[in-house]
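Presented below is the structure to which this report refers.
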Amino acid sequence: MSTIEVDKLTRKFKDLVAVDHISFKVEKGGLFGLLGPNGAGKSTTIRMLCTLLRPTSGEAKVAGFEIVKEAGKVREHIGLVAEKIILYDRLTARENLKFFGRLNHIPEKTISERTKKLFKLVKMEKWANSLAGTFSTGMKQRINLTRALLNMPEILFLDEPTLGLDPQTTRAIRDFIKELNKGGITIILTTHIMQEADILCDIIGIIDQGKIVALDTPQNLKSAISQQGKTAFDLNISNPSAQIVSQIEQLETVSLVSQKNDYNLKIYVNSEEAIYEVMSVIKKNKITIKNITTLAPNLEDVFLHFTGHEMRDKADEKVPLDHHRHGGFKARSRVR
Amino acid sequence: MIQAFKNTLQIAGKDLLDFFRNRMELVAFIIMPIFMMVMTGYIFPSGTSLKNIALGVVENDKGEISQNIVTVLENMKLGDKNDSIFLLERQPGNLEGAKEELKRGNLNAILIIPEGFSSNMERGQQGILTLIIDQSNPQISSILTGIIERIIDGLASKVAIEKLVGMMATELPTDKPAPRGSTIAPSLQSQPNPQALIKPFIIKTEGLVPGEQNYFQFMAPGIIAMVVVMAVMIGLAASISREKELGTLDGILVAPIPRLCIILGKALSQTTRGLLQGSIVLLLSIFLFGVKIYGSIPLVVLLLFLGVFSFIGLGILISALAAEQETAMMIMMTLTFPMIFLSGVFFPIEQMPGFMQIISRILPLTYAIEALRKVIILGAGISSLGKELIILITFGTITLAIAVPTFKRIITR
């Protein structure tokens, strides 16, 4: 049974089409991920499904209710962790939850019971009476999660839940999300982190420039591209100059080269012959190969395959070719 | 319904808790009105020329001299232009009615010509005119007093000269007892008053309410109204746009509560803050600056409340339209700054040029301040405030009727 049905949902901001006729369904108890770069339309989609933004056209049902006509009903069944943390700095963690609990018409006694339980789950019970403003981002995000869970939502929307968190907290939050999903909560998650989508989601919708370009399980998405013979390999060489990178790029069998750091090149190829041609370029330039690995396709490759470009901000796309090296750098820090 | 009311209170309560935990803001909150009072209390603007001053004349005497005085006042012209300085409103025998008009602001001052004014003078006594001024408008009143005193003095010396000339004409050449029936001679023969000879009549000035004129007394109602209205307008815009910017507004918007509760809750917390700040000014005025409240305090509170009510709609509208706090503050400042000067907080509206007066008359703050002055300074009751109350309520209702649906629509674009 689908608990979320999205049908040709569209949102325009003046001339910009932020979300362009997207359609998807999420099964009850599922963990659905919207994967895409910044500005792809992930947050706009989430905001529409949470009744915070009105669609320009199209329809969607959340928990069986129309998002426009039955917005009030939808709100009773959802929890939201938005991009920005929804907590008041000058209220303590407990006061924050009390305030939002009351707005959700939860009885006082239930609020304090659930608060206690939830704080324990995220290991924040020690900090219940401290002002939220004194917390680190990671602590805030943990309280923020408990806030979204306070009304025991059927569906939990998580917009970039691990953004800006350290690896340790990121792992903890991911584990917690998994736990919640096992407990029966349907989760809709957006992320620009491939790995996150890969390990968390049952179904991934790859979204780019407002359109869903691929929609399947992570496994299916990955095997789809390896069958098409799209492969990549990692090349570690001593000193890849811009000249060499562009020489390799110009080879017909090579579809894309991305430079990840001073000695590593990731080369996407569309033919088995490519490797020999790359070798000959390297040999010609008298460069030592330190290491070479063939890569199994990951979601990054999937993204590249479906969108024809690497995952990065739209702003980055317009930089001149000369900027490619740095572009590769950026892609690394963001894509991983 | 009860749930909606509760939600409103919850949002208001949260905002106030948030506010009271912000120490810096609290300090500024208390210091600002003190600053305002001290600063403005010592700046007494100097007078300029006036025209069309509504002067009530209570004529209890129909004698020749009193008619003469009234005609002279009526025909006073301003410079080479043809503007009358005074607009006379004759109210024979109706002092109480005239005082009521003065409280309502329809008159600027009242001149009383006492019964037997002319005949007293004929009997050689000094006539006394009384000028009642409106203390809620000290600038106008002081200028007015000056002008009228000069006019009356001039008239009095003219009468005195005529008398003396008449006296000399009858006494010097003939050296005979003055003939009976002359209007001047008997006054000389019966107990003459030398004062009455030089100054046949004088004018004395009274306030509408007893007591010394105090500029703070004039300033306090204006500042209280201004502080309250500004605190609410700016506070409301800042609080909604700040939550919008921080993203916490989403948390409230995603809760299953009516949108109306959000606005009402915000408006309630800001009104509470505004009234608190207004009370600080009021207490300061009373204990530090010796301001007396002649009217009723509940009426003062009601007027402040209505002042806030008349502006809430505008505040909501601006905060809904402005995307971030900074924009909202800028719009608010742009609106409130001229409003403060145009609404007569510091300078009487009567001193402004015509088109500015028209703008002043559009601003609800003007009416809130006028009403407050009447209550605090003149001790006016609710019955004298009809016009102001109607304007404040109407303005508030219209702006709210526009603002609430706009807010609902814009907040989920």
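FYI, nothing fancy with the structure tokens labels: chains A, B, ... in order, residues from 1 per chain, ligands from 1 as they appear.
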Got a sec: who's within 10 Å of A:Lys182, counting only C-alpha atoms, leaving out chain neighbours fewer than 5 positions off, as a ChimeraX atom specification? /A:29-31,176-177
Leaving out A:Leu200 and any residue of its chain fewer than 2 positions from it, which residues lie within 9 Å of it when counting only C-alpha atoms, given as a ChimeraX atom specification? /A:31-33,174-175,177-178,195-198,202
Prev. selection, N, CA and C atoms, output as a compact mmCIF listing (two decimals), in the first residue's frame:
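New file out25.txt:
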```
# COMPACT_ATOMS: atom_id res chain seq x y z
N LEU A 31 11.66 3.32 2.87
CA LEU A 31 12.64 4.38 3.12
C LEU A 31 13.07 4.90 1.75
N PHE A 32 12.47 6.01 1.39
CA PHE A 32 12.65 6.55 0.05
C PHE A 32 13.67 7.68 0.08
N GLY A 33 14.57 7.67 -0.88
CA GLY A 33 15.58 8.72 -0.90
C GLY A 33 15.52 9.53 -2.18
N ARG A 174 22.43 8.14 11.08
CA ARG A 174 22.03 7.16 10.06
C ARG A 174 21.50 5.88 10.72
N ASP A 175 22.21 5.44 11.75
CA ASP A 175 21.76 4.23 12.46
C ASP A 175 20.37 4.45 13.04
N ILE A 177 18.08 6.52 11.99
CA ILE A 177 17.09 6.54 10.92
C ILE A 177 16.70 5.11 10.54
N LYS A 178 17.70 4.25 10.42
CA LYS A 178 17.45 2.83 10.11
C LYS A 178 16.54 2.20 11.17
N GLN A 195 26.71 7.88 -0.88
CA GLN A 195 26.91 6.78 0.05
C GLN A 195 25.71 6.67 1.01
N GLU A 196 25.24 7.84 1.43
CA GLU A 196 24.12 7.86 2.37
C GLU A 196 22.87 7.25 1.74
N ALA A 197 22.59 7.67 0.52
CA ALA A 197 21.43 7.13 -0.18
C ALA A 197 21.60 5.63 -0.37
N ASP A 198 22.82 5.23 -0.71
CA ASP A 198 23.11 3.83 -0.99
C ASP A 198 22.86 2.94 0.23
N ASP A 202 15.64 2.19 0.47
CA ASP A 202 15.11 1.04 -0.28
C ASP A 202 14.99 1.43 -1.75
```
Neighbour list for A:Ile86 as a list in words, cut-off 8 Å, only C-alpha atoms, skip fewer than 5 positions in-chain: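 Those residues are Val81 and Asn144 of chain A; Leu246, Gly247, Thr248, Leu249, Asp250 and Gly251 of chain B.
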For B:Ser285, which residue among B:Ala160, B:Ile376, B:Ile369, B:Ser66 is the nearest when counting only C-alpha atoms? B:Ile376
Name the residues in contact with stretch 235-252 of chain A at a cut-off of 8 Å, using only C-alpha atoms, excluding same-chain residues fewer than 4 positions from it; report them as a VMD selection string. chain A and resid 256 to 257 262 to 267 274 277 to 278 281 to 282 285 287 to 293 325
As a tab-separated table (two decimals) with N, CA, C and O atoms, in the first residue's frame, please: the residues near stretch 208-215 of chain A (cut-off 9 Å, only C-alpha atoms, same-chain neighbours under 5 positions excluded).
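Saved file part_20.tsv follows:
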```tsv
chain	number	residue	atom	x	y	z
A	10	THR	N	4.52	19.82	-9.73
A	10	THR	CA	5.34	20.85	-10.36
A	10	THR	C	5.33	22.10	-9.51
A	10	THR	O	4.32	22.45	-8.93
A	11	ARG	N	6.49	22.74	-9.43
A	11	ARG	CA	6.54	24.01	-8.73
A	11	ARG	C	7.45	24.96	-9.49
A	11	ARG	O	8.59	24.65	-9.77
A	17	VAL	N	11.74	26.53	-13.10
A	17	VAL	CA	10.95	25.36	-12.75
A	17	VAL	C	11.78	24.55	-11.76
A	17	VAL	O	12.72	23.86	-12.13
A	18	ALA	N	11.43	24.66	-10.48
A	18	ALA	CA	12.24	24.01	-9.44
A	18	ALA	C	11.93	22.52	-9.39
A	18	ALA	O	12.82	21.70	-9.20
A	19	VAL	N	10.66	22.18	-9.54
A	19	VAL	CA	10.26	20.78	-9.57
A	19	VAL	C	9.38	20.62	-10.81
A	19	VAL	O	8.44	21.39	-11.02
A	20	ASP	N	9.75	19.63	-11.64
A	20	ASP	CA	9.16	19.56	-12.98
A	20	ASP	C	8.44	18.23	-13.19
A	20	ASP	O	9.05	17.23	-13.51
A	21	HIS	N	7.15	18.23	-12.97
A	21	HIS	CA	6.32	17.04	-13.22
A	21	HIS	C	6.92	15.76	-12.66
A	21	HIS	O	7.13	14.80	-13.39
A	22	ILE	N	7.16	15.74	-11.36
A	22	ILE	CA	7.71	14.50	-10.81
A	22	ILE	C	6.56	13.61	-10.31
A	22	ILE	O	5.54	14.10	-9.85
A	23	SER	N	6.76	12.31	-10.47
A	23	SER	CA	5.78	11.34	-10.00
A	23	SER	C	6.52	10.19	-9.34
A	23	SER	O	7.52	9.72	-9.86
A	24	PHE	N	6.06	9.79	-8.17
A	24	PHE	CA	6.61	8.58	-7.54
A	24	PHE	C	5.67	8.13	-6.44
A	24	PHE	O	4.74	8.85	-6.06
A	34	LEU	N	15.59	10.85	-2.01
A	34	LEU	CA	15.71	11.72	-3.18
A	34	LEU	C	17.16	12.15	-3.23
A	34	LEU	O	17.64	12.83	-2.32
A	35	LEU	N	17.84	11.74	-4.29
A	35	LEU	CA	19.27	12.02	-4.39
A	35	LEU	C	19.51	13.02	-5.50
A	35	LEU	O	19.03	12.84	-6.62
A	36	GLY	N	20.23	14.05	-5.19
A	36	GLY	CA	20.53	15.03	-6.22
A	36	GLY	C	21.38	16.15	-5.67
A	36	GLY	O	21.51	16.30	-4.46
A	37	PRO	N	21.98	16.94	-6.56
A	37	PRO	CA	22.82	18.04	-6.09
A	37	PRO	C	21.98	19.17	-5.49
A	37	PRO	O	20.76	19.15	-5.58
A	39	GLY	N	19.99	22.43	-5.30
A	39	GLY	CA	19.25	23.13	-6.34
A	39	GLY	C	18.55	22.20	-7.31
A	39	GLY	O	18.01	22.64	-8.31
A	40	ALA	N	18.55	20.89	-7.01
A	40	ALA	CA	17.91	19.95	-7.92
A	40	ALA	C	16.40	19.94	-7.75
A	40	ALA	O	15.66	19.52	-8.62
A	41	GLY	N	15.94	20.42	-6.58
A	41	GLY	CA	14.50	20.44	-6.33
A	41	GLY	C	14.09	19.52	-5.19
A	41	GLY	O	12.90	19.31	-4.96
A	42	LYS	N	15.07	18.99	-4.45
A	42	LYS	CA	14.75	18.07	-3.36
A	42	LYS	C	13.95	18.76	-2.25
A	42	LYS	O	12.88	18.29	-1.85
A	45	THR	N	10.47	19.78	-3.20
A	45	THR	CA	9.57	18.63	-3.18
A	45	THR	C	9.11	18.34	-1.76
A	45	THR	O	7.91	18.18	-1.48
A	203	ILE	N	14.44	2.62	-1.95
A	203	ILE	CA	14.22	3.11	-3.30
A	203	ILE	C	14.87	4.48	-3.41
A	203	ILE	O	14.76	5.29	-2.48
A	221	LEU	N	19.75	0.08	-9.80
A	221	LEU	CA	20.32	1.24	-10.48
A	221	LEU	C	21.77	0.96	-10.86
A	221	LEU	O	22.21	1.25	-11.96
A	302	VAL	N	26.04	6.06	-11.40
A	302	VAL	CA	24.64	6.04	-11.81
A	302	VAL	C	24.17	7.45	-12.12
A	302	VAL	O	23.55	7.71	-13.13
A	303	PHE	N	24.55	8.35	-11.23
A	303	PHE	CA	24.14	9.74	-11.43
A	303	PHE	C	24.69	10.28	-12.74
A	303	PHE	O	23.99	10.87	-13.54
A	306	PHE	N	22.84	8.83	-15.74
A	306	PHE	CA	21.48	9.31	-16.02
A	306	PHE	C	21.40	10.80	-16.34
A	306	PHE	O	20.47	11.26	-16.99
A	307	THR	N	22.35	11.54	-15.82
A	307	THR	CA	22.24	12.98	-16.03
A	307	THR	C	23.25	13.50	-17.05
A	307	THR	O	23.12	14.61	-17.54
A	311	MET	N	27.81	15.09	-10.36
A	311	MET	CA	26.91	15.71	-9.42
A	311	MET	C	27.61	16.88	-8.76
A	311	MET	O	28.54	16.74	-8.01
A	314	LYS	N	24.66	23.57	-9.75
A	314	LYS	CA	24.44	24.16	-11.06
A	314	LYS	C	25.45	25.27	-11.32
A	314	LYS	O	25.90	25.47	-12.42
```
Check: which chain A residues lie within 6 Å of chain B using only C-alpha atoms, as a short mmCIF file (atom, residue, chain, number, x, y, z; two decimals) with C-alpha atoms, in the first residue's frame:
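The resulting selection17.cif:
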```cif
data_model
loop_
_atom_site.label_atom_id
_atom_site.label_comp_id
_atom_site.auth_asym_id
_atom_site.auth_seq_id
_atom_site.Cartn_x
_atom_site.Cartn_y
_atom_site.Cartn_z
CA LEU A 52 4.69 24.29 3.49
CA LEU A 53 4.65 25.20 -0.17
CA ARG A 54 1.79 25.09 -2.63
CA GLY A 72 -4.50 20.06 8.02
CA ARG A 75 0.07 17.79 9.11
CA GLU A 76 -1.36 15.46 11.72
CA LYS A 84 17.37 24.36 9.03
CA ILE A 86 13.77 23.80 14.11
CA ARG A 90 16.63 30.41 24.16
CA ASN A 104 0.48 19.00 18.14
#
```
If we count only C-alpha atoms and set the cut-off at 8 Å, which residues sit around stretch 317-333 of chain B, ignoring sequence neighbours fewer than 3 positions away in its own chain? Please answer as a count of residues only. 22
Rounded to one decimal place, report the atom CA of B:Leu87-atom CA of B:Leu363 distance in Å. 25.6 Å
Would you return as a ChimeraX atom specification the members of stretch 231-294 of chain A that DSSP assigns to alpha helix (DSSP H) on this structure's backbone? /A:242-249,274-284
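The neighbours of A:Ile155 here are the residues that come within 8 Å of it, using only C-alpha atoms and leaving out any residue fewer than 3 positions away in the same chain; they are Ala63, His77, Ile78, Gly79, Ile185, Thr186, Ile187 and Ile188 of chain A.
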Rounded to one decimal place, report the atom CA of A:Thr217-atom CA of A:Ile4 distance in Å. 17.0 Å
Mind running stretch 332-392 of chain B against stretch 135-153 of chain B at 7 Å and telling me each contacting residue's nearest atom pair with the distance in Å (one decimal), counting only C-alpha atoms, chain and number ascending, as a tab-separated table?
```
residue	atom	partner	partner_atom	distance
B:Pro348	CA	B:Asn137	CA	6.9
B:Arg373	CA	B:Ser136	CA	5.9
B:Lys374	CA	B:Ser136	CA	6.8
B:Ile377	CA	B:Ser136	CA	5.7
B:Leu378	CA	B:Ser136	CA	6.9
```
Minimum-distance residue to B:Ile391, chosen among B:Ile362, B:Val227, B:Leu372, B:Ile133 (using only C-alpha atoms):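 The answer is B:Ile362, which sits nearest to B:Ile391.
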